[in-house]
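Structure below is structure17.cif: mmCIF, C-alpha atoms.
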data_target
loop_
_atom_site.label_atom_id
_atom_site.label_comp_id
_atom_site.auth_asym_id
_atom_site.auth_seq_id
_atom_site.Cartn_x
_atom_site.Cartn_y
_atom_site.Cartn_z
CA MET U 254 108.07 111.28 67.03
CA ASN U 255 110.39 114.23 67.36
CA GLN U 256 112.78 113.51 70.18
CA GLN U 257 115.18 116.36 69.55
CA ARG U 258 116.46 117.69 72.82
CA ARG U 259 115.78 121.30 73.74
CA PRO U 260 118.53 122.06 76.24
CA LYS U 261 117.07 125.25 77.70
CA LEU U 262 113.65 123.83 78.47
CA SER U 263 115.17 120.61 79.67
CA ALA U 264 117.45 122.35 82.15
CA LEU U 265 114.54 124.37 83.48
CA LYS U 266 112.43 121.27 83.81
CA LEU U 267 115.15 119.43 85.67
CA ALA U 268 115.51 122.37 88.02
CA LEU U 269 111.77 122.30 88.62
CA VAL U 270 111.84 118.56 89.23
CA ALA U 271 114.66 118.99 91.74
CA LEU U 272 112.83 121.85 93.41
CA ALA U 273 109.56 119.96 93.59
CA THR U 274 111.33 116.93 94.98
CA LEU U 275 113.11 118.95 97.64
CA SER U 276 110.40 121.36 98.65
CA GLY U 277 107.27 119.30 98.41
CA PRO U 278 108.34 115.91 99.56
CA VAL U 279 105.03 114.27 100.24
CA ALA U 280 104.46 111.81 97.45
CA ASP U 281 105.57 108.35 96.47
CA ALA U 282 106.66 107.45 99.89
CA HIS U 283 106.62 103.72 99.55
CA HIS U 284 110.13 103.58 98.22
CA SER U 285 113.15 105.75 98.18
CA PHE U 286 114.63 107.30 95.06
CA ALA U 287 118.10 106.14 96.05
CA LYS U 288 118.16 103.64 93.21
CA PHE U 289 117.40 106.27 90.61
CA ASP U 290 119.31 109.28 89.34
CA MET U 291 116.72 111.99 89.94
CA ALA U 292 118.92 114.64 88.30
CA LYS U 293 118.91 112.71 85.03
CA LEU U 294 116.04 112.39 82.58
CA THR U 295 116.17 109.80 79.81
CA ALA U 296 113.59 109.21 77.09
CA VAL U 297 113.23 105.45 76.57
CA SER U 298 111.18 104.19 73.60
CA GLY U 299 109.98 100.66 73.20
CA THR U 300 107.18 98.12 72.97
CA VAL U 301 105.14 97.28 76.04
CA ARG U 302 105.62 93.78 77.39
CA GLU U 303 103.75 94.18 80.67
CA PHE U 304 101.74 96.91 82.35
CA THR U 305 100.75 96.02 85.90
CA TRP U 306 98.25 98.29 87.57
CA ALA U 307 98.71 97.27 91.20
CA ASN U 308 99.73 98.49 94.61
CA PRO U 309 102.12 99.45 95.97
CA HIS U 310 103.55 100.45 92.57
CA THR U 311 102.59 100.35 88.94
CA TRP U 312 105.11 98.61 86.68
CA LEU U 313 105.72 99.08 82.98
CA ILE U 314 108.07 96.59 81.34
CA ILE U 315 109.15 97.61 77.85
CA MET U 316 111.37 96.03 75.21
CA VAL U 317 113.80 98.52 73.72
CA LYS U 318 115.47 97.87 70.35
CA LYS U 319 119.04 99.12 70.24
CA PRO U 320 120.76 100.35 67.07
CA ASN U 321 123.02 97.28 67.06
CA GLY U 322 119.98 95.05 66.67
CA THR U 323 119.84 93.72 70.23
CA THR U 324 116.81 94.13 72.48
CA GLU U 325 116.92 95.32 76.05
CA GLN U 326 114.21 94.94 78.69
CA TRP U 327 113.54 98.02 80.84
CA SER U 328 111.65 97.75 84.14
CA LEU U 329 109.96 101.04 84.92
CA VAL U 330 108.21 101.82 88.16
CA ALA U 331 105.53 104.44 88.79
CA SER U 332 103.43 105.55 91.73
CA SER U 333 100.42 103.66 93.06
CA PRO U 334 97.27 103.29 90.95
CA ASN U 335 95.50 105.40 93.57
CA MET U 336 97.77 108.33 92.89
CA LEU U 337 97.97 107.80 89.14
CA SER U 338 94.20 107.56 88.67
CA ARG U 339 93.82 110.94 90.35
CA TRP U 340 96.14 112.33 87.71
CA GLY U 341 94.13 110.94 84.81
CA TRP U 342 95.68 107.51 84.29
CA ASN U 343 93.49 104.51 83.53
CA ALA U 344 94.47 100.86 83.79
CA ALA U 345 93.36 100.40 80.17
CA ASP U 346 95.58 103.18 78.82
CA ILE U 347 98.55 100.89 78.16
CA LYS U 348 98.45 97.36 76.73
CA PRO U 349 101.10 94.83 75.74
CA GLY U 350 102.30 95.56 72.21
CA ASP U 351 101.76 99.33 72.48
CA LYS U 352 104.59 101.62 71.41
CA VAL U 353 105.48 104.11 74.10
CA THR U 354 108.13 106.65 74.96
CA VAL U 355 108.75 107.26 78.65
CA ASP U 356 110.75 110.00 80.33
CA VAL U 357 112.44 108.19 83.21
CA HIS U 358 114.94 108.84 85.94
CA PRO U 359 117.30 105.95 85.13
CA GLY U 360 119.03 103.63 87.56
CA ARG U 361 122.18 104.98 89.13
CA ASP U 362 123.94 101.68 88.61
CA GLY U 363 123.44 101.73 84.84
CA THR U 364 121.01 98.81 84.79
CA ALA U 365 117.85 99.01 82.69
CA ILE U 366 115.55 100.33 85.41
CA GLY U 367 113.84 103.67 85.76
CA SER U 368 111.42 105.72 87.78
CA MET U 369 108.72 106.94 85.40
CA GLN U 370 108.14 110.65 85.08
CA THR U 371 105.96 111.01 81.97
CA VAL U 372 104.54 108.46 79.53
CA PHE U 373 103.83 109.43 75.90
CA LEU U 374 101.37 107.12 74.18
CA ALA U 375 101.12 106.59 70.43
CA ASN U 376 97.60 108.08 70.44
CA GLY U 377 98.97 111.37 71.78
CA LYS U 378 97.84 110.89 75.37
CA VAL U 379 100.37 112.05 77.95
CA LEU U 380 100.41 110.61 81.48
CA ALA U 381 102.43 112.24 84.25
CA ASP U 382 103.51 110.50 87.45
CA PRO U 383 102.75 112.68 90.47
CA ALA U 384 105.78 111.41 92.44
CA GLY U 385 107.57 114.27 94.12
CA SER U 386 104.66 116.71 93.73
CA THR U 387 103.37 118.93 96.48
CA GLY U 388 100.28 117.97 98.46
CA GLN U 389 98.39 120.78 96.79
CA ALA U 390 99.29 119.44 93.33
CA LEU U 391 98.34 115.93 94.39
CA ALA U 392 94.92 117.13 95.51
CA SER U 393 94.27 119.32 92.48
CA GLY U 394 95.60 117.17 89.63
CA PRO U 395 98.41 117.65 87.12
CA GLY U 396 99.26 121.06 85.73
CA LYS U 397 100.42 121.61 82.17
CA LEU U 398 101.85 118.43 80.66
CA PRO U 399 104.76 118.39 78.21
CA ALA U 400 103.69 117.71 74.61
CA LYS U 401 106.76 115.60 73.87
CA PRO U 402 109.54 113.78 75.70
CA GLN U 403 112.01 115.99 77.51
CA GLY U 404 114.69 113.43 78.37
CA GLN U 405 117.90 112.64 76.54
CA PRO U 406 116.92 109.95 73.99
CA TYR U 407 118.28 106.56 75.03
CA LYS U 408 120.28 104.74 72.40
CA MET O 189 90.97 100.87 134.02
CA SER O 190 87.63 99.10 134.18
CA LYS O 191 84.56 100.68 135.65
CA THR O 192 82.14 99.12 138.08
CA PRO O 193 78.62 98.46 136.83
CA ALA O 194 77.36 100.98 139.39
CA SER O 195 79.54 103.77 138.09
CA ARG O 196 78.54 102.89 134.51
CA LEU O 197 74.87 103.07 135.46
CA LYS O 198 75.41 106.37 137.21
CA LYS O 199 77.18 107.76 134.16
CA PHE O 200 74.41 106.56 131.88
CA VAL O 201 71.65 107.99 134.04
CA SER O 202 73.38 111.34 134.36
CA GLY O 203 73.97 111.35 130.61
CA ALA O 204 70.35 110.57 129.88
CA LEU O 205 69.28 113.28 132.26
CA LEU O 206 71.45 115.80 130.47
CA VAL O 207 69.90 114.79 127.18
CA SER O 208 66.42 115.13 128.59
CA VAL O 209 66.97 118.66 129.82
CA GLY O 210 68.70 119.58 126.59
CA ALA O 211 71.64 121.11 128.38
CA ILE O 212 74.22 118.87 126.85
CA ALA O 213 75.32 121.26 124.13
CA GLN O 214 77.02 123.51 126.60
CA VAL O 215 77.79 121.18 129.47
CA GLY O 216 79.27 118.28 127.62
CA ARG O 217 78.86 116.64 124.25
CA ALA O 218 77.12 113.39 123.50
CA GLN O 219 80.35 111.38 123.42
CA GLU O 220 80.90 112.15 127.09
CA THR O 221 77.68 110.38 127.96
CA ALA O 222 76.72 106.77 127.53
CA VAL O 223 75.87 105.31 124.15
CA PRO O 224 72.33 106.32 123.13
CA ARG O 225 69.91 103.46 123.65
CA THR O 226 66.63 104.90 122.43
CA ALA O 227 65.57 106.57 119.20
CA ALA O 228 65.15 109.88 121.03
CA GLN O 229 68.60 109.72 122.58
CA GLN O 230 70.09 108.78 119.23
CA ALA O 231 68.32 111.66 117.48
CA ARG O 232 69.68 114.02 120.08
CA ALA O 233 73.19 112.60 119.67
CA TRP O 234 73.03 113.25 115.92
CA GLN O 235 71.99 116.83 116.60
CA GLU O 236 75.04 117.22 118.80
CA ILE O 237 77.28 115.86 116.07
CA ALA O 238 75.90 118.47 113.70
CA GLN O 239 77.29 121.18 116.00
CA GLU O 240 80.84 119.86 115.76
CA PRO O 241 83.51 121.30 113.45
CA ASP O 242 83.07 119.76 109.98
CA LEU O 243 85.79 117.16 109.65
CA TRP O 244 83.43 115.04 107.60
CA GLN O 245 82.90 116.63 104.20
CA GLY O 246 85.35 115.47 101.50
CA THR O 247 88.76 114.02 102.27
CA TRP O 248 92.02 115.33 103.74
CA GLN O 249 95.21 115.37 101.68
CA SER O 250 98.51 115.73 103.52
CA ILE O 251 100.34 118.92 102.55
CA SER O 252 103.16 118.53 105.07
CA PRO O 253 106.46 116.81 104.30
CA ILE O 254 106.31 113.07 104.87
CA ALA O 255 109.14 113.24 107.40
CA ASP O 256 108.27 114.76 110.75
CA ASP O 257 110.42 117.71 111.76
CA PHE O 258 112.70 116.80 114.66
CA SER O 259 114.91 119.87 114.30
CA LYS O 260 114.02 120.90 117.84
CA SER O 261 115.88 118.00 119.40
CA PRO O 262 113.91 115.76 121.76
CA ASP O 263 115.26 115.00 125.20
CA TYR O 264 116.41 111.51 124.20
CA THR O 265 117.12 108.69 126.62
CA PRO O 266 120.67 107.26 126.57
CA SER O 267 119.48 104.15 124.73
CA ALA O 268 117.78 106.27 122.05
CA LEU O 269 120.95 108.31 121.62
CA ALA O 270 122.98 105.11 121.23
CA TYR O 271 120.52 103.85 118.61
CA ILE O 272 120.71 107.11 116.66
CA LYS O 273 124.51 107.12 116.80
CA ALA O 274 124.68 103.64 115.30
CA TYR O 275 121.85 104.22 112.78
CA LYS O 276 122.74 103.65 109.16
CA PRO O 277 120.11 104.56 106.57
CA ALA O 278 119.23 101.68 104.27
CA GLU O 279 118.69 102.12 100.54
CA ASP O 280 115.02 102.18 101.31
CA SER O 281 112.66 102.74 104.18
CA PRO O 282 111.43 99.79 106.21
CA PHE O 283 108.13 99.78 104.36
CA THR O 284 109.01 98.26 101.04
CA ASN O 285 106.66 95.43 101.81
CA CYS O 286 102.87 95.58 101.83
CA LYS O 287 102.40 95.59 105.58
CA PRO O 288 100.31 98.47 106.98
CA LEU O 289 102.55 101.23 108.29
CA GLY O 290 100.72 101.79 111.55
CA LEU O 291 100.32 104.91 113.59
CA PRO O 292 101.61 107.51 113.65
CA PHE O 293 103.53 107.33 110.37
CA VAL O 294 100.62 106.04 108.28
CA GLN O 295 99.08 109.52 108.31
CA ASN O 296 102.27 111.15 107.01
CA ILE O 297 102.00 109.70 103.52
CA GLY O 298 100.98 112.12 100.82
CA GLY O 299 99.07 111.38 97.65
CA MET O 300 96.39 109.30 99.30
CA PRO O 301 93.86 111.07 101.49
CA MET O 302 92.09 110.37 104.76
CA LYS O 303 88.31 110.34 105.21
CA PHE O 304 86.54 111.03 108.50
CA PHE O 305 83.19 109.44 109.39
CA GLN O 306 81.13 109.53 112.53
CA SER O 307 78.16 108.04 114.28
CA PRO O 308 77.26 108.60 117.93
CA GLY O 309 80.03 107.20 120.11
CA MET O 310 82.60 106.66 117.38
CA ILE O 311 84.65 108.58 114.88
CA ALA O 312 86.30 106.54 112.11
CA ILE O 313 89.13 107.64 109.85
CA TYR O 314 89.87 105.73 106.67
CA VAL O 315 93.57 106.13 105.89
CA GLU O 316 94.04 105.26 102.24
CA SER O 317 97.83 104.97 102.25
CA SER O 318 97.56 101.61 103.99
CA GLY O 319 93.87 100.92 103.37
CA VAL O 320 93.16 100.92 107.10
CA THR O 321 90.45 102.48 109.24
CA ARG O 322 90.98 104.02 112.65
CA PHE O 323 88.19 103.64 115.19
CA ILE O 324 88.14 106.41 117.78
CA HIS O 325 85.78 105.80 120.68
CA THR O 326 84.00 108.95 121.77
CA ASP O 327 81.61 107.31 124.25
CA GLY O 328 83.52 108.40 127.32
CA ARG O 329 85.27 105.11 127.97
CA GLN O 330 88.73 104.69 129.46
CA HIS O 331 91.59 102.79 127.82
CA SER O 332 91.64 99.03 128.32
CA ALA O 333 94.01 97.90 131.03
CA GLN O 334 95.93 95.79 128.53
CA PRO O 335 94.99 96.62 124.92
CA ASN O 336 96.04 94.01 122.40
CA PRO O 337 98.78 95.35 120.14
CA SER O 338 97.59 96.60 116.76
CA TYR O 339 98.85 98.83 113.96
CA LEU O 340 96.45 101.63 114.82
CA GLY O 341 96.25 101.01 118.54
CA GLU O 342 93.31 101.76 120.80
CA SER O 343 92.03 105.30 120.37
CA ILE O 344 89.77 107.32 122.63
CA GLY O 345 88.61 110.78 121.67
CA HIS O 346 86.93 113.76 123.27
CA TRP O 347 86.30 117.36 122.31
CA GLU O 348 88.03 120.28 124.00
CA GLY O 349 86.17 123.19 122.51
CA ASP O 350 86.66 122.87 118.76
CA THR O 351 89.64 120.53 119.10
CA LEU O 352 89.24 116.77 118.86
CA VAL O 353 91.76 115.21 121.25
CA VAL O 354 92.62 111.59 120.48
CA ASP O 355 94.58 109.43 122.88
CA THR O 356 96.09 106.24 121.49
CA THR O 357 97.85 103.31 123.17
CA GLY O 358 98.34 99.62 122.38
CA LEU O 359 100.51 100.14 119.30
CA ALA O 360 102.17 97.05 117.85
CA PRO O 361 105.96 96.98 118.23
CA ASP O 362 106.50 96.91 114.47
CA THR O 363 104.64 100.05 113.44
CA VAL O 364 106.83 102.17 111.19
CA PHE O 365 108.11 104.76 113.62
CA GLN O 366 110.22 107.88 113.14
CA LEU O 367 112.23 108.80 116.21
CA GLY O 368 114.39 111.52 114.74
CA THR O 369 116.03 113.12 111.73
CA LEU O 370 119.51 112.58 110.34
CA SER O 371 121.82 115.55 110.14
CA LYS O 372 122.44 116.84 106.60
CA GLY O 373 126.02 115.54 106.69
CA ALA O 374 124.81 111.99 107.28
CA LEU O 375 122.66 111.97 104.14
CA LYS O 376 123.77 110.09 101.07
CA GLU O 377 124.71 112.48 98.33
CA GLY O 378 122.07 112.90 95.68
CA ASP O 379 119.25 111.07 97.44
CA HIS O 380 116.33 113.44 97.11
CA SER O 381 113.97 110.98 98.71
CA PRO O 382 111.69 112.74 101.14
CA ILE O 383 112.29 109.93 103.58
CA ALA O 384 116.06 109.78 103.24
CA SER O 385 116.55 111.90 106.35
CA VAL O 386 114.21 109.90 108.57
CA ILE O 387 115.61 107.87 111.44
CA PHE O 388 113.30 104.87 111.69
CA GLY O 389 113.46 102.76 114.78
CA PRO O 390 111.54 100.77 117.34
CA HIS O 391 109.25 102.45 119.83
CA GLY O 392 108.63 101.25 123.36
CA PRO O 393 105.69 99.09 124.49
CA ASN O 394 104.04 102.03 126.23
CA LEU O 395 104.10 104.41 123.29
CA ARG O 396 101.16 106.76 123.68
CA LEU O 397 100.07 109.33 121.10
CA VAL O 398 98.04 112.39 121.92
CA GLU O 399 96.70 114.03 118.79
CA ARG O 400 95.00 117.40 118.74
CA MET O 401 92.91 117.83 115.61
CA ARG O 402 91.35 121.13 114.67
CA LEU O 403 90.25 123.13 111.65
CA VAL O 404 92.53 126.10 111.01
CA ASP O 405 89.96 127.20 108.45
CA PHE O 406 87.21 125.31 106.65
CA ASN O 407 89.66 123.78 104.16
CA THR O 408 92.65 123.17 106.43
CA LEU O 409 92.93 120.49 109.09
CA GLU O 410 95.79 120.58 111.55
CA ILE O 411 96.92 117.60 113.60
CA GLN O 412 99.49 118.11 116.31
CA THR O 413 100.81 114.92 117.84
CA THR O 414 102.72 114.50 121.09
CA LEU O 415 104.76 111.33 121.51
CA HIS O 416 104.90 109.77 124.96
CA ASP O 417 107.54 107.03 125.08
CA ASP O 418 109.83 106.82 128.07
CA THR O 419 112.14 104.37 126.30
CA LEU O 420 113.00 107.10 123.76
CA PHE O 421 112.15 110.51 125.21
CA LYS O 422 112.78 111.61 128.80
CA THR O 423 109.89 114.04 128.42
CA PRO O 424 107.01 113.78 125.92
CA TYR O 425 107.96 115.20 122.53
CA ALA O 426 105.54 117.56 120.79
CA LEU O 427 105.84 117.17 117.02
CA ALA O 428 105.31 120.17 114.79
CA PRO O 429 101.69 120.29 113.58
CA ARG O 430 100.92 118.61 110.27
CA ARG O 431 98.43 120.09 107.82
CA PHE O 432 95.86 118.56 105.51
CA LEU O 433 93.92 120.13 102.67
CA ARG O 434 90.22 119.40 102.19
CA GLY O 435 89.37 117.88 98.81
CA ILE O 436 85.81 117.69 97.53
CA GLU O 437 86.32 116.86 93.85
CA ARG O 438 85.85 113.35 92.49
CA ARG O 439 89.58 112.83 92.28
CA ASN O 440 89.76 113.45 96.02
CA GLU O 441 87.35 110.67 96.89
CA PRO O 442 88.76 107.77 98.89
CA GLN O 443 89.82 104.66 97.02
CA GLU O 444 90.51 101.08 97.96
CA TRP O 445 94.10 100.19 98.86
CA ALA O 446 94.87 96.55 98.24
CA CYS O 447 98.58 95.90 98.29
CA THR O 448 99.13 92.82 96.15
CA ASP O 449 102.13 93.29 93.91
CA ASN O 450 105.12 94.19 95.99
CA ARG O 451 108.37 93.88 94.01
CA ASP O 452 110.72 95.98 96.11
CA TYR O 453 113.01 93.78 98.13
CA LEU O 454 115.08 95.36 100.84
CA ASP O 455 117.72 92.92 102.03
CA PRO O 456 117.57 93.28 105.79
CA THR O 457 121.17 92.14 106.22
CA THR O 458 122.81 94.48 103.71
CA GLY O 459 120.30 97.34 103.52
CA LYS O 460 120.43 97.01 99.73
CA LEU O 461 117.30 97.42 97.68
CA GLU O 462 116.34 95.34 94.65
CA VAL O 463 113.49 96.36 92.41
CA ASN O 464 111.14 94.26 90.27
CA VAL O 465 111.98 91.04 92.08
CA LYS O 466 108.42 89.98 92.76
CA ASP O 467 108.98 86.48 94.08
CA LYS O 468 111.76 87.52 96.40
CA ALA O 469 109.76 90.41 97.77
CA GLN O 470 106.55 88.50 98.29
CA ASN O 471 108.04 85.38 99.80
CA ARG O 472 109.28 87.28 102.80
#
As structure tokens - that is how I would like this structure written.
Amino acid sequence: MNQQRRPKLSALKLALVALATLSGPVADAHHSFAKFDMAKLTAVSGTVREFTWANPHTWLIIMVKKPNGTTEQWSLVASSPNMLSRWGWNAADIKPGDKVTVDVHPGRDGTAIGSMQTVFLANGKVLADPAGSTGQALASGPGKLPAKPQGQPYK
Amino acid sequence: MSKTPASRLKKFVSGALLVSVGAIAQVGRAQETAVPRTAAQQARAWQEIAQEPDLWQGTWQSISPIADDFSKSPDYTPSALAYIKAYKPAEDSPFTNCKPLGLPFVQNIGGMPMKFFQSPGMIAIYVESSGVTRFIHTDGRQHSAQPNPSYLGESIGHWEGDTLVVDTTGLAPDTVFQLGTLSKGALKEGDHSPIASVIFGPHGPNLRLVERMRLVDFNTLEIQTTLHDDTLFKTPYALAPRRFLRGIERRNEPQEWACTDNRDYLDPTTGKLEVNVKDKAQNR
């Protein structure tokens, strides 16, 4: 998978994310984003250990192999199944053992946590988290999805 | 305030009379009369419902910011001002657990719609964000003298023209309640959370909500809520109207909300949030 960063697009996307978060603050209200660096987007690739489709939040736990041979466990949180299903997610989309790349807003404190923005599955399916979207976007479904990860690849 | 049997009977008879002469459409709607007790009365009540503004088709998605706008400052009581002065925002809102939010805040959550239903004498609103249903009595009753506390309170509704007016009391002391907004300077840098600016706090035992619900156009519902709480506001505070968008596609249909997997743990003593600590969060 090509994870080369495209700075121009990425900057625009981040600006849009910030704008959407500031101007349309209706979604994902069950927790604050204080734990996560919403101005930062990181592409984390790994193997799925757990995918829990449950309220109040969906969790994706992935094992990430680092270049030095060690493995790191990332705990990624997404919106509720109710919101995700309206944006085309299905509980059966992700299974343990699957290889995924996820654009996340990483933890501010540097720990291996993240707020999911977009999930890229090996079969080409792309799933976007509606968190931070406007009410209109929540009611009408996702717009154009990115074809590949936009975040800075995590190493 | 309870009614005497005689006054109830009088109300029922006068209501039935109105139905029988067919004048109810203009004089008063079915919910201002007694509950229909015959098939004919019931049929007539359904006909009346058909004349009401259509709150029923599809669902309503919040398109207003989750935080209510308190920029026009309420006339706070001294104790409310003291609370606000001492208020320190936690790393998360007070609803990291799975407990229902309660009125009025439960209707502020975006992403999960509301669905209105009705039968003669009652309007129900399913609020997906906490998986709860409001029951609004439209049979002309008065509030109970001492309603038992609940997350959605005791609601009584009536129509004023095309506006459904809902009066709610009996709200549990631990509903998630917004009593104001933090100034920009008090916000933590970089927290874009839509709820970061909210001042959450306790409401008084006599909190009363008066909601005015009306269609701005066929696809837009507006709800304007006035907060009556003499422990917080010297005079009732009229919140800015909130808007909801009608959704009729499959994705807009209501879904179940079962909250079973809470892993966000907000330490009440430090205000610090931990994530993905299932046991800690659920053993609270």
### Query
Which of these, U:Leu391, U:Leu329, U:Met336, U:Val355, has the shortest distance to Ile314 (chain U) once you count all atoms listed in the file?
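The shortest atom-to-atom distance to Ile314 (chain U) comes from U:Leu329.
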### Task
Name every residue that the PyMOL selection byres ((chain U and resi 376) around 12) selects in this structure, writing the answer as number ranges by chain with chains first and numbers rising.
U: 254, 346-347, 351-354, 372-375, 377-380
Store the residues of this selection in a file with C-alpha atoms, as a PDB file, keeping the file's coordinate frame.
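Saved file part_32.pdb follows:
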ATOM      1  CA  MET U 254     108.070 111.280  67.030  1.00  0.00           C
ATOM      2  CA  ASP U 346      95.580 103.180  78.820  1.00  0.00           C
ATOM      3  CA  ILE U 347      98.550 100.890  78.160  1.00  0.00           C
ATOM      4  CA  ASP U 351     101.760  99.330  72.480  1.00  0.00           C
ATOM      5  CA  LYS U 352     104.590 101.620  71.410  1.00  0.00           C
ATOM      6  CA  VAL U 353     105.480 104.110  74.100  1.00  0.00           C
ATOM      7  CA  THR U 354     108.130 106.650  74.960  1.00  0.00           C
ATOM      8  CA  VAL U 372     104.540 108.460  79.530  1.00  0.00           C
ATOM      9  CA  PHE U 373     103.830 109.430  75.900  1.00  0.00           C
ATOM     10  CA  LEU U 374     101.370 107.120  74.180  1.00  0.00           C
ATOM     11  CA  ALA U 375     101.120 106.590  70.430  1.00  0.00           C
ATOM     12  CA  GLY U 377      98.970 111.370  71.780  1.00  0.00           C
ATOM     13  CA  LYS U 378      97.840 110.890  75.370  1.00  0.00           C
ATOM     14  CA  VAL U 379     100.370 112.050  77.950  1.00  0.00           C
ATOM     15  CA  LEU U 380     100.410 110.610  81.480  1.00  0.00           C
TER      16      LEU U 380
END
### Query
How many Å separate CA of Val386 (chain O) from CA of Ser371 (chain O)?
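Atom-to-atom, CA of Val386 (chain O) to CA of Ser371 (chain O), that is 9.6 Å.
Note on the selection: in this file the PyMOL selection byres ((chain O and resi 255) around 7) comes out as Pro253, Ile254, Asp256, Asp257, Pro382, Ile383 and Val386 of chain O.
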### Task
Name every residue that the PyMOL selection byres ((chain O and resi 430) around 9) selects in this structure, writing the answer as a list of chain:residue names with chains first and numbers rising.
O:Ser250, O:Ile251, O:Ser252, O:Pro253, O:Asp256, O:Asn296, O:Leu409, O:Glu410, O:Ile411, O:Gln412, O:Thr413, O:Leu427, O:Ala428, O:Pro429, O:Arg431, O:Phe432
### Message
as a PyMOL selection string, please: the residues near Thr364 (chain U) (cut-off 12 Å, all atoms listed in the file, same-chain neighbours under 2 positions excluded).
### Response
(chain U and resi 288-290+325-329+358-362+366-367) or (chain O and resi 462-463)
### Task
List every protein, DNA or RNA residue with an atom no more than 6 Å from (116.5, 112.2, 75.1) in the file's coordinates, counting all atoms listed in the file, and format the result as a list in words.
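The residues that fall inside the cut-off are Arg258, Thr295, Ala296, Gly404, Gln405, Pro406 and Tyr407 of chain U.
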Just to be explicit: take each residue in the selection above, keep C-alpha atoms, and write the result as a PDB file, keeping the file's coordinate frame.
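The new file again07.pdb reads:
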ATOM      1  CA  ARG U 258     116.460 117.690  72.820  1.00  0.00           C
ATOM      2  CA  THR U 295     116.170 109.800  79.810  1.00  0.00           C
ATOM      3  CA  ALA U 296     113.590 109.210  77.090  1.00  0.00           C
ATOM      4  CA  GLY U 404     114.690 113.430  78.370  1.00  0.00           C
ATOM      5  CA  GLN U 405     117.900 112.640  76.540  1.00  0.00           C
ATOM      6  CA  PRO U 406     116.920 109.950  73.990  1.00  0.00           C
ATOM      7  CA  TYR U 407     118.280 106.560  75.030  1.00  0.00           C
TER       8      TYR U 407
END
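Minimum atom-to-atom distance to Gly341 (chain O), evaluated using only C-alpha atoms, belongs to O:Arg322 out of O:Lys372, O:Arg329, O:Arg439, O:Arg322.
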#### Entry: CA of Met369 (chain U) to CA of Val330 (chain U), straight-line distance in Å
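Value for the CA of Val330 (chain U)-CA of Met369 (chain U) distance: 5.8 Å.
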### Query
What does the distance between CA of Thr408 (chain O) and CA of Arg339 (chain U) come to in Å, to one decimal place?
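Distance reported for this atom pair: 20.2 Å.
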### Message
Taking only C-alpha atoms into account, name the residue in U:Leu294, U:Ile315, U:Asp356, U:Ala390 that is nearest to chain O.
### Response
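Counting only C-alpha atoms, the residue closest to chain O is U:Ala390.
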